Amino acid sequence: MKIRFHIMPLVAMVALLSACEKDNYTEPKSMLSGRIVYKGEPVGVEAGQVRLQLWQPGFGKLAAIDAPISQDGSYSALLFDGSYKLVFPKNRGPFKTIVKDAAAKDTVFVKLAGNQALDVEVMPYYMIRTPQFSGGESKVNVSLKLEKTLTGAEGKDIERVSLYVSKTDFVARATNVAVTDVPGADIKDLNAINLTATVPALSPAQNYVFARVGVKIKDVEDMVFSPVQKVNL
Amino acid sequence: MKKIFQILSIAVLTLGWSCNDDDFLNRPPTGQLSEEQIWNDEGQVLSVLGDLYNRYVDLSTFKTINDVPGWTTVSDFNEAFWSEAGRYGNFQNNGWGFGAWGAWDYGYIREMNLFIQKCTAADKLAPAVRERYLAEARFLRASYYFELVKRMGGVPLILEPMVYDFSGDPSYLQHARAKESEIYDFVIKEAEEIKDKLPASVGEKSRATKAAALAMEVRAALYAGSIAKYGVNTPSVALPGGEVGIPSSAANGYYTKALAAAKEIISGNAGAYALYTKKPDLSENFASIFYDKANNSEVIFVEDFKLQSGKVHYFTGWNQPRYGAEEEEGGRINPSLNFVEAFEKLDNTFAPIPTANANGTPIYYTDQTDIFKGRDARMAGTVMLPGTTFKGRKVDIWAGYQLANGTIISGDDRGAQKTLPGKTVPEQVVGFDGPIDGFEFTAQTGFYLRKYLDPVVGSGQRGVNSEVWLVRYRYAEVLLNAAEAAFELGQAAEAAGYMNQVRARAGLVTPLKASEINFDRLVHERRVEFAFEGHLFFDMKRWRIAHQILDGNAITAAELSKDLGKATKRNTQPWGLWPYKIYDPGSANNGKWIYKQVKLSRVTGADRFQLGNYYSYIDDAIISNNPKLVRNPNQ
């Protein structure tokens, strides 16, 4: 009897421990996603380096919602429905933004109602064309062409072309096991560029690596990258 | 009963009398001083000023601010590895956030402005005293604006305490950012105006003096000059409104100002400052600059500490050699091999620490310290090398025994014991100070820090702490600043003269010729002279070489020792140098030492300094409050 006396309040407590649903906002449900593209082709960038900013005015203090752009040029953000301004932070990304008119400049206005796919057109300085990777004997080789997409006064020179090799799918300046650089001055023909990287002994051993080529443009912080390619050694 | 109660009630009510309510309620508070009490009394004003001094902001500090312990701020940028278990992540990431090093304390500026306003009106103070206080407050305000402009670029220049009128519209309180050059101009102008109101007293170190004002002016003018000159190398690190970036045409003007102000100190106008040369051992002499507080002729302006006063610091405790430490910790800052290798040989040439001959065979050293012989005395004065002593005890840094066949015998605990082949009794096979890879507080790079470590007994105890001062300006900096300004103005011979003074003090007695002075030399000299003093970061920034030094690429063994004197030498990861004892009875090499370059397993990332790191991110909340502020570039 005594035991039951102690248990009863506990049972009552547990029974009463039910929460009501009034304690919070509903979570954002509308997905804005897409890629950054040049004439419909995605522009590859370094993971975690380039981002889009979404600004939603009208709710007190302003702060941007950052949407990082992943290696293959795609981005996504889970948002509330509403009107957003989509911009790139100044001087970020291996591209110039496209100015539509004097008033809007390069801002993209997004009216979000439910999920939406939106590709953002940009003007890269260079595009990497037809990268052909091959591997063997602890070496990774790539041949590629470069297209200077932004010419004239706005165009910029190549600082270097780099071949990055990584153990994992994340291949970039920050994560790699081997790098080969070719300075821009040594590149005579944009249509025939060859790079070879020697892969060091990997621990634990694996008989494949991931590789991609990046182009560093003079006075531009972010590099433009080719897609990641798995290469068997 | 009832009657008694009534009588008592009447008695209580009658006696519960009070007189003169106004007097009673208007008693002065005992925990607070009134404006009048403060501004009529010199001592009280000084204590208000003392508070402002205490809030002086340094990048490299001994204090723990926002849970960031001071030793990390002293030893950043891969000049050292951090031997503390919780901090290896700093060597596994790839750089810094844009918000790093941000500062925006307008509360501090407001209080300095209030001080200046009220002190100006305080006519009860003796005029001479008031003038000095005012000059000191203006020095502190200029110092903080200098700190802000170094980190953030141009900031709103607020020189009056602002008052809100409660009209509902605060927009008149919002001020746009001044140009970067305007803030530097302000600092220079303030220094010029206050220098003669401050005492020219060499003995005064912790309060502003004429020399401190001039030293600030030299540094500010030099920084502005180099931003103007080298800003062209990073054209995207600029804003169209000039909030960031200074036009290159202004460079010569700033360098001229820097040189003129430096000459004023060098000529003795601000007091008889001179390089510290009290001790015959040049390395000990160099280390003493930072802990010898008696008649120190070199130090100009410091943050002072005093034992048993409440204002002490634990820097020695954090970084004391672990073996024989006064607490069960220490050894956190492990200077990197990259840094140690930067010290020149006595013939003014650069060379790696020689571990092997040209054909690859290791060099055997009889004494553990032999490998470091014949180098710049500042090396042993800045770094605690294996085999040297601290507080009379030899640091026990050695990584293990190497046998004749190349096998290493080592342990995974400090002073671990193992039985060597051919012996029966276990003996110590690794130093009590390590190095043991991944073992915190041991000298994981093979080195400990010596600079700023206090040799006084008890300095490493939590209950005692240290009173070593934090040097903010010293005479050697004035000389090197003068050298740089002179060099940039095309006066290489004069530059060599200034630089050779500093070098001779470090044992580099062969003077550099005017033709040998170049940008790389200047950069290198500052790196080794001012290591761990908080200069490196701002130097890298103003020369616009931070993104080249910290370029995000790992350092390979092959390139580690190449281009040692080059200004833009990559320094993205700290390397180590481990001593091993040879165990090979019967061989002539038995008991000798060899050294090996080591890349620590905890160092996996390589730092990249982004263009957006040159000027720190201004917080969104700050910009929301003041939409007139423009954002810094490349973020």
# chains A, B, ... in the order shown; residues from 1 in each chain; ligands from 1
call {"tool": "interface_residues", "arguments": {"of": "chain A", "to": "chain B", "cutoff": "8 Å", "atoms": "only C-alpha atoms", "output": "PDB file with C-alpha atoms, in the first residue's frame"}}
result
ATOM      1  CA  LYS A  61      17.372  44.173 -37.648  1.00  0.00           C
ATOM      2  CA  LEU A  62      18.844  43.134 -40.937  1.00  0.00           C
ATOM      3  CA  ALA A  63      21.144  40.184 -41.251  1.00  0.00           C
ATOM      4  CA  PRO A  89      28.896  39.375 -51.364  1.00  0.00           C
ATOM      5  CA  LYS A  90      31.118  41.789 -53.234  1.00  0.00           C
ATOM      6  CA  ASN A  91      34.282  40.383 -54.779  1.00  0.00           C
ATOM      7  CA  ARG A  92      33.426  36.835 -53.805  1.00  0.00           C
ATOM      8  CA  ARG A 173      42.933  24.127 -51.473  1.00  0.00           C
ATOM      9  CA  ALA A 174      42.098  23.233 -47.912  1.00  0.00           C
ATOM     10  CA  THR A 175      41.687  19.494 -48.354  1.00  0.00           C
ATOM     11  CA  ASP A 219      43.287  39.493 -58.025  1.00  0.00           C
ATOM     12  CA  VAL A 220      40.324  37.198 -57.506  1.00  0.00           C
ATOM     13  CA  GLU A 221      40.248  35.292 -54.276  1.00  0.00           C
TER      14      GLU A 221
END
call {"tool": "residues_around", "arguments": {"residues": "Leu32 in chain A", "least_positions_apart": "5", "cutoff": "9 Å", "atoms": "only C-alpha atoms", "output": "list in words"}}
result
Tyr75, Ser76, Ala77, Leu78, Leu79, Leu112, Gly114, Asn115, Gln116, Ala117 and Leu118 of chain A
call {"tool": "residues_around", "arguments": {"residues": "range 134-138 of chain B", "least_positions_apart": "4", "cutoff": "12 Å", "atoms": "only C-alpha atoms", "output": "ChimeraX atom specification"}}
result
/B:45-46,48-53,55-56,108-122,125,127-130,142-146,159-160,186-199,206-210,212-213
call {"tool": "residues_around", "arguments": {"residues": "Ser162 in chain A", "least_positions_apart": "5", "cutoff": "9 Å", "atoms": "only C-alpha atoms", "output": "ChimeraX atom specification"}}
result
/A:179-183,195,212-216
call {"tool": "write_last_selection", "arguments": {"atoms": "C-alpha atoms", "output": "compact mmCIF listing (two decimals), in the first residue's frame"}}
result
# COMPACT_ATOMS: atom_id res chain seq x y z
CA VAL A 179 48.89 19.76 -55.56
CA THR A 180 50.54 20.67 -58.82
CA ASP A 181 50.64 24.28 -59.89
CA VAL A 182 51.33 25.72 -63.29
CA PRO A 183 51.88 29.47 -63.20
CA LEU A 195 49.13 18.76 -65.35
CA ARG A 212 39.83 18.33 -59.85
CA VAL A 213 41.43 21.27 -61.54
CA GLY A 214 41.15 24.81 -60.33
CA VAL A 215 42.06 28.08 -61.95
CA LYS A 216 43.29 30.95 -59.82
call {"tool": "select_by_dssp", "arguments": {"residues": "range 109-218 of chain A", "states": "helix (DSSP H, G or I)", "output": "PyMOL selection string"}}
result
chain A and resi 152-154+184-186
call {"tool": "select_by_dssp", "arguments": {"residues": "range 263-402 of chain B", "states": "strand (DSSP E)", "output": "compact mmCIF listing (two decimals) with N, CA and C atoms, in the first residue's frame"}}
result
# COMPACT_ATOMS: atom_id res chain seq x y z
N VAL B 299 62.68 50.10 -22.75
CA VAL B 299 61.23 50.01 -22.78
C VAL B 299 60.61 51.40 -22.67
N ILE B 300 59.62 51.68 -23.50
CA ILE B 300 59.02 53.02 -23.53
C ILE B 300 57.64 53.03 -22.87
N PHE B 301 56.80 52.09 -23.26
CA PHE B 301 55.44 52.09 -22.71
C PHE B 301 54.99 50.64 -22.52
N VAL B 302 54.45 50.35 -21.35
CA VAL B 302 54.10 48.96 -21.04
C VAL B 302 52.72 48.90 -20.38
N GLU B 303 52.20 47.69 -20.31
CA GLU B 303 51.14 47.40 -19.34
C GLU B 303 51.85 46.77 -18.16
N ILE B 333 53.21 27.20 -25.28
CA ILE B 333 53.72 27.76 -26.54
C ILE B 333 54.99 27.02 -26.94
N ASN B 334 54.92 26.34 -28.07
CA ASN B 334 56.09 25.64 -28.60
C ASN B 334 56.50 26.32 -29.90
N PRO B 335 57.50 27.20 -29.86
CA PRO B 335 57.90 27.87 -31.10
C PRO B 335 58.21 26.84 -32.20
N VAL B 383 63.63 31.77 -27.61
CA VAL B 383 63.18 30.38 -27.59
C VAL B 383 64.01 29.62 -26.56
N MET B 384 63.35 28.74 -25.82
CA MET B 384 64.08 27.88 -24.91
C MET B 384 64.51 26.65 -25.69
N THR B 389 68.73 26.25 -19.98
CA THR B 389 68.15 26.22 -18.64
C THR B 389 67.10 27.31 -18.46
N PHE B 390 66.21 27.06 -17.52
CA PHE B 390 65.26 28.06 -17.06
C PHE B 390 65.11 27.91 -15.55
N ARG B 393 67.20 25.22 -13.95
CA ARG B 393 67.00 23.81 -14.28
C ARG B 393 67.07 23.63 -15.80
N LYS B 394 67.79 22.58 -16.18
CA LYS B 394 67.93 22.30 -17.60
C LYS B 394 66.62 21.73 -18.14
N GLY B 400 64.10 10.54 -27.73
CA GLY B 400 64.35 9.12 -27.55
C GLY B 400 65.77 8.75 -27.92
N TYR B 401 66.00 7.43 -27.89
CA TYR B 401 67.30 6.90 -28.31
C TYR B 401 67.20 6.40 -29.74
N GLN B 402 68.28 6.60 -30.49
CA GLN B 402 68.35 5.94 -31.79
C GLN B 402 69.47 4.93 -31.73
call {"tool": "residues_around", "arguments": {"residues": "Phe339 in chain B", "least_positions_apart": "5", "cutoff": "12 Å", "atoms": "only C-alpha atoms", "output": "ChimeraX atom specification"}}
result
/B:75-81,334,344,352-353,378-379,382-383,445,447,449,524,527-532,536,560-561,564-565,569-577
call {"tool": "decode", "arguments": {"residues": "range 174-189 of chain A", "atoms": "N, CA and C atoms", "output": "mmCIF file, in the first residue's frame"}}
result
data_model
loop_
_atom_site.group_PDB
_atom_site.id
_atom_site.type_symbol
_atom_site.label_atom_id
_atom_site.label_comp_id
_atom_site.auth_asym_id
_atom_site.auth_seq_id
_atom_site.Cartn_x
_atom_site.Cartn_y
_atom_site.Cartn_z
ATOM 1 N N ALA A 174 41.999 23.570 -49.328
ATOM 2 C CA ALA A 174 42.098 23.233 -47.912
ATOM 3 C C ALA A 174 42.236 21.733 -47.692
ATOM 4 N N THR A 175 41.667 20.938 -48.565
ATOM 5 C CA THR A 175 41.687 19.494 -48.354
ATOM 6 C C THR A 175 42.290 18.821 -49.573
ATOM 7 N N ASN A 176 43.525 18.458 -49.477
ATOM 8 C CA ASN A 176 44.156 17.729 -50.570
ATOM 9 C C ASN A 176 45.358 16.987 -50.038
ATOM 10 N N VAL A 177 45.821 16.020 -50.833
ATOM 11 C CA VAL A 177 47.045 15.312 -50.470
ATOM 12 C C VAL A 177 48.161 15.631 -51.457
ATOM 13 N N ALA A 178 47.798 16.188 -52.588
ATOM 14 C CA ALA A 178 48.829 16.546 -53.569
ATOM 15 C C ALA A 178 48.326 17.715 -54.399
ATOM 16 N N VAL A 179 49.219 18.603 -54.732
ATOM 17 C CA VAL A 179 48.887 19.763 -55.558
ATOM 18 C C VAL A 179 49.970 19.918 -56.615
ATOM 19 N N THR A 180 49.559 20.252 -57.814
ATOM 20 C CA THR A 180 50.536 20.670 -58.821
ATOM 21 C C THR A 180 50.072 22.001 -59.383
ATOM 22 N N ASP A 181 50.980 22.961 -59.369
ATOM 23 C CA ASP A 181 50.642 24.280 -59.886
ATOM 24 C C ASP A 181 51.367 24.532 -61.195
ATOM 25 N N VAL A 182 50.672 25.178 -62.097
ATOM 26 C CA VAL A 182 51.334 25.715 -63.288
ATOM 27 C C VAL A 182 51.067 27.214 -63.286
ATOM 28 N N PRO A 183 52.114 28.030 -63.199
ATOM 29 C CA PRO A 183 51.884 29.473 -63.196
ATOM 30 C C PRO A 183 51.269 29.933 -64.502
ATOM 31 N N GLY A 184 50.463 30.957 -64.395
ATOM 32 C CA GLY A 184 49.762 31.457 -65.577
ATOM 33 C C GLY A 184 50.708 31.863 -66.690
ATOM 34 N N ALA A 185 51.880 32.369 -66.313
ATOM 35 C CA ALA A 185 52.833 32.826 -67.330
ATOM 36 C C ALA A 185 53.325 31.673 -68.188
ATOM 37 N N ASP A 186 53.309 30.461 -67.631
ATOM 38 C CA ASP A 186 53.830 29.320 -68.382
ATOM 39 C C ASP A 186 52.797 28.711 -69.317
ATOM 40 N N ILE A 187 51.589 29.200 -69.244
ATOM 41 C CA ILE A 187 50.547 28.618 -70.095
ATOM 42 C C ILE A 187 50.536 29.351 -71.422
ATOM 43 N N LYS A 188 50.932 28.628 -72.452
ATOM 44 C CA LYS A 188 51.032 29.263 -73.762
ATOM 45 C C LYS A 188 49.738 29.086 -74.548
ATOM 46 N N ASP A 189 49.150 27.922 -74.395
ATOM 47 C CA ASP A 189 47.983 27.600 -75.206
ATOM 48 C C ASP A 189 46.841 27.181 -74.285
#
